[in-house]
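Input: a single structure, listed below in structure tokens.
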Amino acid sequence: MRLERREGTTFALIVSAPLAAIAVALMLSGGLIAIAGANPMDAYFEMVRGAFGSRLSISETLTRTTPLILTGLAAAVAFRTRLWNIGGEGQLYAGALIAAWLGHSIGTTVPSPLAILIVLLSGMVAGALLLLGPVLLRIRLGVDEVVTTLILNFIVLLFVSMMIEGPMKDPLAFGWPQSVAVGNEVLLPKILERTRLHAGLLIAVAAAVLIWFVQSRTVFGLETRAAGLNQKAAAFAGVALGPTLLGVACISGALAGLAGAIEVTGLKGYVTLDLSPGYGYSGIVVAMLAGLHPIGVVITALFVAVIFVGADSMSRALGVPSFIADVIVSISLLTMLVSLLFTSYRIRR
Amino acid sequence: MDSEPVLELSGISKRFGALIANDNISLALHSGELLALLGENGAGKTTLMNILFGHYTADAGVVRAFGKELPAGRPSAAIEAGIGMVHQHFTLAGNLSVLDNIMIGTERLSLLRSDRSAARQKLAALSQRFGLQVEPDRLVGTLSVGEKQRVEILKALYRDARVLILDEPTAVLTGLESEKLFATLKGMTETGLSVIFISHKLAEVMSASQRVIILRSGRVVAEKRTADTDRAELAELMVGRRVTRPVKREQPPGAQVLAALNVDVVEDGRKTLDNINFSVRAGEVLGIIGVSGNGQASLGRLVCGLVGASSGTLVRDGVETRRFSPRSLVKAQTARIPEDRNAEGAIGEMSVWENTVLERIKNSRFSSHGLVNRTACKAFAADIIGRFDVRGGGPDTGTRNLSGGNMQKMILGRNLAAAPELIVANQPTRGLDEGAIAAVHAQLLASRSSGAAILLISEDLDEVLALSDTVQAIFNGRLSDPVAAADADAQSVGLMMAGIWGSADAA
Amino acid sequence: MIEAVEILATASLWDAVLRIATPLIFGTLGALICERAGVLNLGIEGIMTLGAMVGWMTVYQGADLWTGLLVAALCGAIFGLLHALLTVPLGLSQHVTGLGITLFASSLTYYVYRLALPVASTPPTIEPFQPLDIPLLSGFPFLGEALFSQTAPTYLAIFACLATAYILARTPLGLAVRMTGENPHAVEAQGLNPISIRIGAVVTGSALMAVGGAFLTTATFNSFFPTMVQGRGWVCIALVVFASWRPAKALLGALLFALFDAYQLRLQHVVDQAIPYQLFLMVPYVLSIVALIVMSRRAKVPQALMAPYRKGER
């Protein structure tokens with residue numbers, strides 16, 4: 001038995017890959033739910049109800065979707081050029097920290113829309129700068145960016161911890177490690193009354209469309225794809241690998257930084273160490289499930305958000321530990337990798 | 001033949017997707033015989049030998065060694081049965097020593113200690129007996145290609161091979177080294193070993209083999225005693241039809257288009273080109289001939305704009321520079337045919353249209369303000385597909401699905417579409433069959449007639465002599481002085497390829 | 001200032017160095033074995049987390065400490081097998097698969113832990129490994145406390161390093177593993193199966209990683225809590241590069257790291273609040289990156305690292 005490359009891939013095959021992956025992941029996780037003493041079908045029903053059952057739950061799901069779209073795009077953009085940015089979590093926190101600091105100090109010196117723009121842009125710059133280091137190390141010295149971006153996540157979290165216990169500590173937070181809050185004038189507008197859903201969702205979706213356009217219609221998009229698929233051939237055709245990689249790094253880091261800035265200005269108003277329940281890492285799963293397609297990212301981010309929001313209420317109802325959400329998501333990453341393989345290979349005896 | 005065959009293949013068939021690589025092939029090898037397996041690129045020779053050795057599993061057919069059937073798909077069984085294989089692409093680890101490379105797989109994995117001194121002795125005895133000198137403690141990565149091949153042969157002998165299979169063994173050797181190799185092989189057959197060598201070179205098949213089996217399109221088309229045949233007959237059997245390569249016509253050259261003056265290139269801290277000089281004029285073909293691995297890759301990268309000169313000057317149309325860039329070359333009407341189609345020339349996962357425009361995407365015809373003009377790009381691709389007879393798909397086809405010959409036509413097409421001034425062709429016919437080779441030659445000569453300057457880098461002596469006006473040999477990163485192709489013959493150029501040329505440091 | 005130097009002369013520092021180094025030694029050795037065969041195993045962080053929980057849980061359920069380590073090794077091996085099956089015969093991206101294994105192993109760990117102990121607010125404890133009392137040596141002044149008051153797994157880690165160095169350099173199996181990491185085609189051409197060699201190496205390496213994790217809960221601490229591995233796995237991946245893929249250097253590298261870590265812990269008490277403690281905690285991570293930078297040009301990477309091998313495909 002061996003694998004043989006398919007001559008071509010059909011659209012149906014591409015779309016069915018994530019569906020098959022998710023189905024298998026849900027089946028496997030169902031076994032774990034059963035071990036916890038619950039009926040898997042009931043559990044999944046509870047999850048869907050928890051995610052879509054009411055106006056509030058829908059808004060919560062969409063609120064969760066927002067950062068996942070952005071970190072998912074960050075991973076998708078980078079992975080397409082074979083830039084393994086695993087530092088989304090750190091870049092998110094870097095963006096959040098800068099956003100909180102600027103959002104707190106910018107005050108009313110500039111009109112509100114401009115202030116929001118400045119705060120979000122600064123978050124993007126912070127995320128991009130954080131990724132530039134590892135990428136330069138890769139280009140100049142051949143240092144594997146996977147390890148450096150991973151390790152930077154820990155350094156950034158310690159830095160955030162240092163800042164919110166030190167210079168940026170909120171004196172009114174009863175000693176909790178929490179940053180100062182941003183001013184009202186930089187808060188993103190809500191898009192659904194009496195919920196937490198904010199305009200960040202629109203920004204995230206717009207970012208996905210923009211990335212899709214850049215990738216499929218521009219010279220830069222063509223060059224980044226070429227560089228990702230075959231460095232030698234791309235260089236032969238005159239694609240400047242270094243600058244292309246740096247460009248991609250800026251976009252990827254900026255997207256993750258934007259996720260952090262939006263969480264602060266749209267949702268929390270300040271930075272804590274539990275601002276992100278691993279959005280940076282989940283973004284990798286979101287991107288892979290979407291086959292690295294930017295529009296697909298919006299859909300798979302929603303899926304992952306449904307799992308997380310749904311698992312919380314399912315856990316309350318059925319007593320299954322809510323960690324099951326992480327289990328489902330991580331298994332679907334592995335099953336997706338396998339089903340992606342079968343879109344370009346088939347088994348031959 | 002009167003003796004029992006030592007090796008017998010019967011009814012071997014193998015299919016890769018739609019391609020039938022081997023179609024019901026049968027052959028036998030007798031003790032002490034030196035058998036040539038002759039065929040064009042893509043005739044199925046390597047596939048057949050890989051099945052025999054167990055790298056591939058045949059769809060049908062059996063292999064018998066010394067009368068016993070070999071289990072399919074197990075190299076260990078082939079080795080045990082006394083079969084040794086020397087692959088065209090050596091299967092060696094450069095970071096390990098010669099001894100390590102030879103010992104791998106020879107001892108039980110459960111042993112608590114390798115017996116290296118015994119291995120050393122056995123290796124020394126073999127080296128002595130067959131005249132294959134190696135230093136057991138050298139790192140393989142530091143050896144020359146000829147030495148690496150010796151290690152490969154010793155690896156097989158170390159496993160007590162009685163049958164030796166060599167896949168295109170002379171592809172990387174100079175004429176002298178090849179002669180020495182065949183002398184060694186002949187000596188081996190005299191001691192009772194049997195040898196099969198794969199080749200597409202008629203000269204060496206005629207001079208070295210006792211019997212020749214000719215493969216074409218996956219089938220055995222003929223079997224001859226070498227003494228009973230001649231080159232012309234073999235050529236016709238191998239190609240199956242009369243393919244005549246186009247012939248160059250004399251024409252006076254024009255002005256200088258490209259030149260290198262005392263150029264050194266250093267890559268990864270190693271000097272790969274050493275004080276080279278050359279000059280190509282319009283309407284002229286300069287052939288750079290040499291055995292693989294003497295700096296051709298580096299020369300290719302230099303003239304294709306991927307590396308710069310560390311010292312010396314490049315001249316293009318009278319303008320001096322240290323380094324070209326791919327995009328400026330393309331803009332200046334330079335056609336660049338890369339050495340490795342699959343690694344450099346095209347991106348398999350991208351469509352044909354993307355591959356045709358990638359190197360000229362910034363041209364205002366194909367993009368404006370950073371936006372790709374897909375209609376124009378696809379029209380360009382369709383034009384090339386039509387004009388250069390690229391078969392197997394349209395502009396939107398995945399490039400991976402094209403055959404080697406059609407991929408090369410696509411690469412030629414995108415380069416030659418707009419009458420280039422300079423063509424850099426690095427191994428333009430490597431791995432192509434005779435029909436495709438003739439087509440490539442015709443394209444190059446047509447460009448020459450319309451005034452293009454052509455720098456041809458090739459390992460194929462016949463090709464260089466047929467196409468070039470002037471020939472320079474490359475050896476160890478140095479270039480010989482140019483000689484007129486009209487005054488050169490296979491023997492004199494053969495010496496030049498071994499680094500022996502009149503001027504300068506012939507030592 | 002003087003106090004900062006005096007720390008170096010305390011026996012407890014050196015005692016701590018060996019203790020802190022132990023999980024790093026196991027983890028680095030495990031990653032090294034995988035990489036010498038040509039497979040990058042980024043599942044390490046998750047496998048160490050899993051090992052930490054499983055080792056502790058086994059003991060908490062009543063088994064003895066060594067059984068705990070053994071069960072942890074077994075679970076590590078199973079996840080190693082999963083990584084190996086996906087990356088070796090199927091040839092999936094080693095980067096992404098490894099991260100997937102880490103995410104899967106850690107989430108499964110937390111899930112199972114929660115399932116077994118739904119309401120534990122403070123983590124329950126076990127009786128951990130005690131320092132071995134080695135006759136004569138342990139009683140030796142200074143050195144006895146500094147070097148010979150370790151728990152048994154620490155000595156096991158050092159022994160494992162030396163044994164791996166010997167196996168790689170001197171046995172047919174070691175040669176086969178090295179050759180697989182350099183050129184799997186050469187291995188196949190000599191009648192061995194590079195796929196099974198790679199799978200074997202990844203399974204073995206992953207078992208060692210899990211033992212490293214289990215050391216945290218059965219010797220360093222006496223309980224399990226989430227995120228306790230704290231990026232040690234990633235540090236180990238960096239240490240493999242730092243060690244140029246050599247087991248003896250990996251041992252030295254792990255000890256050097258542990259020295260910095262143990263030293264910064266003590267220095268924190270000396271400088272007391274003058275410098276934020278987070279800066280000290282950053283030290284091992286920053287060092288990992290520095291190590292990668294320093295070794296980037298010098299390290300001899302196994303040539304076939306991360307290159308998938310498919311039979312009959314070049």
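In the structure tokens, chains take the letters A, B, ... in the order shown, each chain's residues start at 1, and ligands count up from 1 in the order shown.
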Counting only C-alpha atoms, which residues of chain A fall within 9 Å of chain B, and what is the closest atom pair for each with its distance in Å at one decimal, ordered by chain and rising number, as a tab-separated table?
residue	atom	partner	partner_atom	distance
A:Glu4	CA	B:Gly17	CA	8.1
A:Arg5	CA	B:Gly17	CA	8.6
A:Arg6	CA	B:Gly17	CA	8.5
A:Glu7	CA	B:Asn401	CA	6.4
A:Gly8	CA	B:Gly398	CA	7.5
A:Val214	CA	B:Leu371	CA	8.5
A:Ser216	CA	B:Val372	CA	8.7
A:Arg217	CA	B:Val372	CA	5.6
A:Thr218	CA	B:Leu371	CA	4.2
A:Val219	CA	B:Gly370	CA	5.3
A:Phe220	CA	B:Gly370	CA	7.1
A:Leu222	CA	B:Leu358	CA	7.9
A:Glu223	CA	B:Leu358	CA	7.7
A:Arg225	CA	B:Met350	CA	8.8
A:Ala226	CA	B:Ile347	CA	7.2
A:Leu229	CA	B:Ile347	CA	7.0
A:Asn230	CA	B:Ile347	CA	6.2
A:Gln231	CA	B:Glu344	CA	8.5
A:Lys232	CA	B:Glu344	CA	5.4
A:Ala233	CA	B:Glu344	CA	3.8
A:Ala234	CA	B:Glu344	CA	7.5
A:Ala235	CA	B:Leu306	CA	7.4
A:Phe236	CA	B:Glu344	CA	6.1
A:Ala237	CA	B:Glu359	CA	4.2
A:Gly238	CA	B:Pro326	CA	4.7
A:Val239	CA	B:Glu359	CA	7.8
Compile the residues of chain B that lie within 10 Å of chain C, evaluated using only C-alpha atoms, and express the compilation as a PDB file with N, CA and C atoms, in the first residue's frame.
ATOM      1  N   THR B  47      13.325   2.435 -13.739  1.00  0.00           N
ATOM      2  CA  THR B  47      12.185   1.800 -13.069  1.00  0.00           C
ATOM      3  C   THR B  47      12.404   0.295 -12.983  1.00  0.00           C
ATOM      4  N   ASN B  50      14.958  -0.535 -10.426  1.00  0.00           N
ATOM      5  CA  ASN B  50      14.436  -0.292  -9.089  1.00  0.00           C
ATOM      6  C   ASN B  50      13.477  -1.400  -8.660  1.00  0.00           C
ATOM      7  N   ILE B  51      12.779  -1.973  -9.625  1.00  0.00           N
ATOM      8  CA  ILE B  51      11.910  -3.114  -9.300  1.00  0.00           C
ATOM      9  C   ILE B  51      12.776  -4.319  -8.952  1.00  0.00           C
ATOM     10  N   PHE B  53      15.660  -4.376  -7.716  1.00  0.00           N
ATOM     11  CA  PHE B  53      16.330  -4.222  -6.431  1.00  0.00           C
ATOM     12  C   PHE B  53      15.338  -4.109  -5.270  1.00  0.00           C
ATOM     13  N   GLY B  54      14.038  -3.961  -5.591  1.00  0.00           N
ATOM     14  CA  GLY B  54      13.053  -3.931  -4.512  1.00  0.00           C
ATOM     15  C   GLY B  54      12.679  -2.553  -4.018  1.00  0.00           C
ATOM     16  N   HIS B  55      13.159  -1.482  -4.709  1.00  0.00           N
ATOM     17  CA  HIS B  55      12.712  -0.148  -4.312  1.00  0.00           C
ATOM     18  C   HIS B  55      11.253   0.046  -4.687  1.00  0.00           C
ATOM     19  N   TYR B  56      10.884  -0.469  -5.858  1.00  0.00           N
ATOM     20  CA  TYR B  56       9.489  -0.426  -6.290  1.00  0.00           C
ATOM     21  C   TYR B  56       8.935  -1.843  -6.294  1.00  0.00           C
ATOM     22  N   THR B  57       7.612  -1.918  -6.219  1.00  0.00           N
ATOM     23  CA  THR B  57       6.950  -3.209  -6.370  1.00  0.00           C
ATOM     24  C   THR B  57       6.305  -3.247  -7.745  1.00  0.00           C
ATOM     25  N   GLY B  73       9.599  -5.925  -3.555  1.00  0.00           N
ATOM     26  CA  GLY B  73       9.613  -4.733  -2.709  1.00  0.00           C
ATOM     27  C   GLY B  73      10.519  -4.811  -1.499  1.00  0.00           C
ATOM     28  N   ARG B  74      11.544  -5.692  -1.527  1.00  0.00           N
ATOM     29  CA  ARG B  74      12.421  -5.735  -0.352  1.00  0.00           C
ATOM     30  C   ARG B  74      13.876  -5.684  -0.756  1.00  0.00           C
ATOM     31  N   PRO B  75      14.504  -4.512  -0.683  1.00  0.00           N
ATOM     32  CA  PRO B  75      15.924  -4.409  -1.027  1.00  0.00           C
ATOM     33  C   PRO B  75      16.782  -5.387  -0.222  1.00  0.00           C
ATOM     34  N   SER B  76      16.386  -5.637   1.033  1.00  0.00           N
ATOM     35  CA  SER B  76      17.212  -6.528   1.856  1.00  0.00           C
ATOM     36  C   SER B  76      17.283  -7.918   1.228  1.00  0.00           C
ATOM     37  N   ALA B  77      16.175  -8.358   0.628  1.00  0.00           N
ATOM     38  CA  ALA B  77      16.176  -9.680  -0.012  1.00  0.00           C
ATOM     39  C   ALA B  77      17.099  -9.681  -1.219  1.00  0.00           C
ATOM     40  N   ALA B  78      17.081  -8.577  -1.982  1.00  0.00           N
ATOM     41  CA  ALA B  78      17.946  -8.486  -3.157  1.00  0.00           C
ATOM     42  C   ALA B  78      19.410  -8.513  -2.731  1.00  0.00           C
ATOM     43  N   ILE B  79      19.720  -7.793  -1.667  1.00  0.00           N
ATOM     44  CA  ILE B  79      21.107  -7.764  -1.185  1.00  0.00           C
ATOM     45  C   ILE B  79      21.527  -9.157  -0.737  1.00  0.00           C
ATOM     46  N   GLU B  80      20.638  -9.820   0.000  1.00  0.00           N
ATOM     47  CA  GLU B  80      20.933 -11.152   0.490  1.00  0.00           C
ATOM     48  C   GLU B  80      21.178 -12.127  -0.658  1.00  0.00           C
ATOM     49  N   GLY B  84      23.839  -6.137  -5.967  1.00  0.00           N
ATOM     50  CA  GLY B  84      24.258  -4.834  -5.467  1.00  0.00           C
ATOM     51  C   GLY B  84      23.876  -3.779  -6.482  1.00  0.00           C
ATOM     52  N   MET B  85      23.477  -2.599  -5.978  1.00  0.00           N
ATOM     53  CA  MET B  85      23.043  -1.572  -6.919  1.00  0.00           C
ATOM     54  C   MET B  85      23.780  -0.271  -6.648  1.00  0.00           C
ATOM     55  N   VAL B  86      24.283   0.348  -7.713  1.00  0.00           N
ATOM     56  CA  VAL B  86      24.906   1.665  -7.609  1.00  0.00           C
ATOM     57  C   VAL B  86      23.952   2.650  -8.277  1.00  0.00           C
ATOM     58  N   HIS B  87      23.310   3.478  -7.440  1.00  0.00           N
ATOM     59  CA  HIS B  87      22.284   4.377  -7.960  1.00  0.00           C
ATOM     60  C   HIS B  87      22.912   5.555  -8.677  1.00  0.00           C
ATOM     61  N   HIS B  89      21.814   8.679  -8.534  1.00  0.00           N
ATOM     62  CA  HIS B  89      21.972   9.667  -7.471  1.00  0.00           C
ATOM     63  C   HIS B  89      22.471   8.878  -6.274  1.00  0.00           C
ATOM     64  N   PHE B  90      23.731   9.105  -5.910  1.00  0.00           N
ATOM     65  CA  PHE B  90      24.337   8.272  -4.885  1.00  0.00           C
ATOM     66  C   PHE B  90      23.513   8.262  -3.618  1.00  0.00           C
ATOM     67  N   THR B  91      23.445   7.104  -2.989  1.00  0.00           N
ATOM     68  CA  THR B  91      22.744   7.008  -1.708  1.00  0.00           C
ATOM     69  C   THR B  91      23.793   6.986  -0.607  1.00  0.00           C
ATOM     70  N   LEU B  92      24.352   8.155  -0.363  1.00  0.00           N
ATOM     71  CA  LEU B  92      25.404   8.289   0.639  1.00  0.00           C
ATOM     72  C   LEU B  92      25.047   9.427   1.587  1.00  0.00           C
ATOM     73  N   ALA B  93      25.634   9.402   2.781  1.00  0.00           N
ATOM     74  CA  ALA B  93      25.444  10.500   3.725  1.00  0.00           C
ATOM     75  C   ALA B  93      26.763  11.264   3.844  1.00  0.00           C
ATOM     76  N   GLY B  94      26.726  12.522   3.409  1.00  0.00           N
ATOM     77  CA  GLY B  94      27.946  13.318   3.362  1.00  0.00           C
ATOM     78  C   GLY B  94      28.572  13.591   4.708  1.00  0.00           C
ATOM     79  N   ASN B  95      27.755  13.644   5.773  1.00  0.00           N
ATOM     80  CA  ASN B  95      28.292  13.967   7.091  1.00  0.00           C
ATOM     81  C   ASN B  95      28.892  12.762   7.802  1.00  0.00           C
ATOM     82  N   LEU B  96      28.803  11.596   7.184  1.00  0.00           N
ATOM     83  CA  LEU B  96      29.341  10.403   7.827  1.00  0.00           C
ATOM     84  C   LEU B  96      30.577   9.917   7.057  1.00  0.00           C
ATOM     85  N   ASP B 100      31.421   4.339   7.788  1.00  0.00           N
ATOM     86  CA  ASP B 100      30.024   4.358   8.233  1.00  0.00           C
ATOM     87  C   ASP B 100      29.099   4.066   7.065  1.00  0.00           C
ATOM     88  N   ASN B 101      29.354   4.736   5.947  1.00  0.00           N
ATOM     89  CA  ASN B 101      28.491   4.571   4.786  1.00  0.00           C
ATOM     90  C   ASN B 101      28.515   3.141   4.253  1.00  0.00           C
ATOM     91  N   ILE B 102      29.644   2.481   4.409  1.00  0.00           N
ATOM     92  CA  ILE B 102      29.736   1.111   3.908  1.00  0.00           C
ATOM     93  C   ILE B 102      29.147   0.124   4.907  1.00  0.00           C
ATOM     94  N   MET B 103      29.291   0.437   6.211  1.00  0.00           N
ATOM     95  CA  MET B 103      28.849  -0.517   7.243  1.00  0.00           C
ATOM     96  C   MET B 103      27.347  -0.503   7.491  1.00  0.00           C
ATOM     97  N   ILE B 104      26.682   0.573   7.084  1.00  0.00           N
ATOM     98  CA  ILE B 104      25.263   0.691   7.428  1.00  0.00           C
ATOM     99  C   ILE B 104      24.486  -0.522   6.888  1.00  0.00           C
ATOM    100  N   GLY B 105      23.763  -1.148   7.803  1.00  0.00           N
ATOM    101  CA  GLY B 105      22.928  -2.274   7.392  1.00  0.00           C
ATOM    102  C   GLY B 105      23.654  -3.602   7.314  1.00  0.00           C
ATOM    103  N   THR B 106      24.953  -3.621   7.643  1.00  0.00           N
ATOM    104  CA  THR B 106      25.673  -4.883   7.504  1.00  0.00           C
ATOM    105  C   THR B 106      25.683  -5.698   8.795  1.00  0.00           C
ATOM    106  N   GLU B 107      25.340  -5.047   9.903  1.00  0.00           N
ATOM    107  CA  GLU B 107      25.371  -5.785  11.166  1.00  0.00           C
ATOM    108  C   GLU B 107      23.972  -5.865  11.753  1.00  0.00           C
ATOM    109  N   ARG B 108      23.754  -6.882  12.583  1.00  0.00           N
ATOM    110  CA  ARG B 108      22.460  -6.991  13.257  1.00  0.00           C
ATOM    111  C   ARG B 108      22.254  -5.755  14.134  1.00  0.00           C
ATOM    112  N   LEU B 109      21.047  -5.200  14.106  1.00  0.00           N
ATOM    113  CA  LEU B 109      20.801  -3.971  14.859  1.00  0.00           C
ATOM    114  C   LEU B 109      20.814  -4.201  16.363  1.00  0.00           C
ATOM    115  N   SER B 110      20.711  -5.445  16.794  1.00  0.00           N
ATOM    116  CA  SER B 110      20.673  -5.690  18.233  1.00  0.00           C
ATOM    117  C   SER B 110      22.070  -5.836  18.838  1.00  0.00           C
ATOM    118  N   LEU B 111      23.104  -5.790  17.997  1.00  0.00           N
ATOM    119  CA  LEU B 111      24.461  -5.896  18.528  1.00  0.00           C
ATOM    120  C   LEU B 111      24.782  -4.725  19.448  1.00  0.00           C
ATOM    121  N   LEU B 112      25.518  -4.999  20.513  1.00  0.00           N
ATOM    122  CA  LEU B 112      25.832  -3.935  21.458  1.00  0.00           C
ATOM    123  C   LEU B 112      27.078  -3.158  21.059  1.00  0.00           C
ATOM    124  N   ARG B 113      27.802  -3.674  20.074  1.00  0.00           N
ATOM    125  CA  ARG B 113      28.977  -2.952  19.643  1.00  0.00           C
ATOM    126  C   ARG B 113      29.275  -3.278  18.186  1.00  0.00           C
ATOM    127  N   SER B 114      29.546  -2.226  17.382  1.00  0.00           N
ATOM    128  CA  SER B 114      29.939  -2.446  16.004  1.00  0.00           C
ATOM    129  C   SER B 114      31.356  -2.974  15.968  1.00  0.00           C
ATOM    130  N   ASP B 115      31.609  -3.934  15.089  1.00  0.00           N
ATOM    131  CA  ASP B 115      32.981  -4.417  14.947  1.00  0.00           C
ATOM    132  C   ASP B 115      33.653  -3.635  13.830  1.00  0.00           C
ATOM    133  N   ARG B 116      34.133  -2.462  14.175  1.00  0.00           N
ATOM    134  CA  ARG B 116      34.665  -1.580  13.141  1.00  0.00           C
ATOM    135  C   ARG B 116      36.018  -2.031  12.617  1.00  0.00           C
ATOM    136  N   LYS B 155      30.438  -0.529  -1.446  1.00  0.00           N
ATOM    137  CA  LYS B 155      29.301  -0.865  -0.598  1.00  0.00           C
ATOM    138  C   LYS B 155      28.661  -2.167  -1.075  1.00  0.00           C
ATOM    139  N   ALA B 156      28.495  -2.255  -2.393  1.00  0.00           N
ATOM    140  CA  ALA B 156      27.876  -3.456  -2.953  1.00  0.00           C
ATOM    141  C   ALA B 156      28.800  -4.663  -2.786  1.00  0.00           C
ATOM    142  N   ARG B 159      28.897  -6.222   0.582  1.00  0.00           N
ATOM    143  CA  ARG B 159      27.777  -7.134   0.887  1.00  0.00           C
ATOM    144  C   ARG B 159      27.865  -8.402   0.053  1.00  0.00           C
TER     145      ARG B 159
END
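With atom CA of A:Tyr345 on one side and atom CA of A:Thr300 on the other, the separation reads 23.5 Å.
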Original post:
What are the residues of chain A that have an atom within 8 Å of an atom of chain C, counting only C-alpha atoms, as number ranges by chain?
Top reply: A: 36, 84, 137, 141-143, 146-148, 150-152, 154-155, 158-159, 161-162, 320-324, 326-327, 330-331, 333-334, 337-338, 341
Expressed in Å, the length from atom CA of B:Ala439 to atom CA of B:Gln296 is 23.3 Å
Subject >> Close residues, stretch 304-315 of chain A itself excluded, 6 Å, only C-alpha atoms, min 4 positions apart in chain, as a PyMOL selection string >> reply: chain A and resi 46-48+50-51+61+64-65+319-322+325
Compile a residue-level contact table for stretch 10-77 of chain C against stretch 251-262 of chain C at a cut-off of 6 Å, reporting for every qualifying residue the shortest atom pair and its distance in Å to one decimal, with only C-alpha atoms counted, rows ordered by chain and ascending number, as JSON lines.
{"residue": "C:Val17", "atom": "CA", "partner": "C:Ala258", "partner_atom": "CA", "distance": 5.0}
{"residue": "C:Ile20", "atom": "CA", "partner": "C:Ala258", "partner_atom": "CA", "distance": 5.4}
{"residue": "C:Ala21", "atom": "CA", "partner": "C:Ala258", "partner_atom": "CA", "distance": 5.0}
{"residue": "C:Leu24", "atom": "CA", "partner": "C:Ala254", "partner_atom": "CA", "distance": 5.8}
{"residue": "C:Ile25", "atom": "CA", "partner": "C:Ala254", "partner_atom": "CA", "distance": 5.7}
Please list as JSON, numbers by chain every residue within 7 Å of stretch 167-180 of chain A, counting only C-alpha atoms and excluding residues in the same chain fewer than 2 positions away. {"A": [104, 163, 164, 165, 182, 270, 271, 272]}
For those residues, write C-alpha atoms to a file as a PDB file, in the first residue's frame.
ATOM      1  CA  HIS A 104      -5.379  55.198  28.426  1.00  0.00           C
ATOM      2  CA  MET A 163       3.806  45.921  33.180  1.00  0.00           C
ATOM      3  CA  ILE A 164       0.411  45.285  34.702  1.00  0.00           C
ATOM      4  CA  GLU A 165       1.913  44.691  38.104  1.00  0.00           C
ATOM      5  CA  VAL A 182      -8.654  52.786  28.194  1.00  0.00           C
ATOM      6  CA  TYR A 270      -7.941  46.770  29.927  1.00  0.00           C
ATOM      7  CA  VAL A 271      -5.306  44.019  29.855  1.00  0.00           C
ATOM      8  CA  THR A 272      -5.157  41.043  32.189  1.00  0.00           C
TER       9      THR A 272
END
Query raised in the report: What lies within 10 Å of B:Val307 using only C-alpha atoms, ignoring chain neighbours under 3 positions off, as a list in words?
Result: Val265, Val266, Glu267, Ser298, Leu299, Gly300, Arg301, Leu302, Val303, Cys304, Ser310, Arg322, Arg323, Phe324, Ser325 and Pro326 of chain B
Please save C-alpha atoms of the selected residues as an mmCIF file, in the first residue's frame.
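part-v9.cif was written with the following content:
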data_model
loop_
_atom_site.group_PDB
_atom_site.id
_atom_site.type_symbol
_atom_site.label_atom_id
_atom_site.label_comp_id
_atom_site.auth_asym_id
_atom_site.auth_seq_id
_atom_site.Cartn_x
_atom_site.Cartn_y
_atom_site.Cartn_z
ATOM 1 C CA VAL B 265 32.289 33.611 -7.431
ATOM 2 C CA VAL B 266 32.210 32.600 -3.803
ATOM 3 C CA GLU B 267 29.201 30.706 -2.499
ATOM 4 C CA SER B 298 27.383 28.444 -10.026
ATOM 5 C CA LEU B 299 27.979 29.763 -13.539
ATOM 6 C CA GLY B 300 24.288 29.324 -14.218
ATOM 7 C CA ARG B 301 23.374 31.261 -11.090
ATOM 8 C CA LEU B 302 25.849 34.004 -12.007
ATOM 9 C CA VAL B 303 24.495 34.635 -15.490
ATOM 10 C CA CYS B 304 20.880 34.178 -14.374
ATOM 11 C CA SER B 310 32.956 38.468 -5.712
ATOM 12 C CA ARG B 322 29.117 42.968 -10.572
ATOM 13 C CA ARG B 323 25.743 41.355 -10.460
ATOM 14 C CA PHE B 324 22.666 40.925 -12.615
ATOM 15 C CA SER B 325 19.214 40.528 -11.161
ATOM 16 C CA PRO B 326 16.600 38.144 -12.560
#
Report task. For stretch 195-210 of chain C, please output as JSON, numbers by chain all residues within 8 Å (counting only C-alpha atoms; exclusion window: fewer than 5 positions along the same chain). Result -> {"C": [23, 26, 27, 28, 29, 30, 31, 32, 33, 34, 37, 38, 39, 41, 44, 47, 48, 49, 50, 51, 52, 72, 73, 74, 75, 76, 77, 78, 79, 80, 81, 83, 84, 85, 88, 89, 176, 177, 180, 309]}
request  = Using backbone DSSP assignments, extract all strand (DSSP E or B) residues from stretch 125-346 of chain A; output them as a list in words.
outcome  =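 Checking each residue of stretch 125-346 of chain A, the strand (DSSP E or B) ones are Lys169, Ser179, Lys190, His198, Thr218, Tyr345 and Arg346 of chain A.
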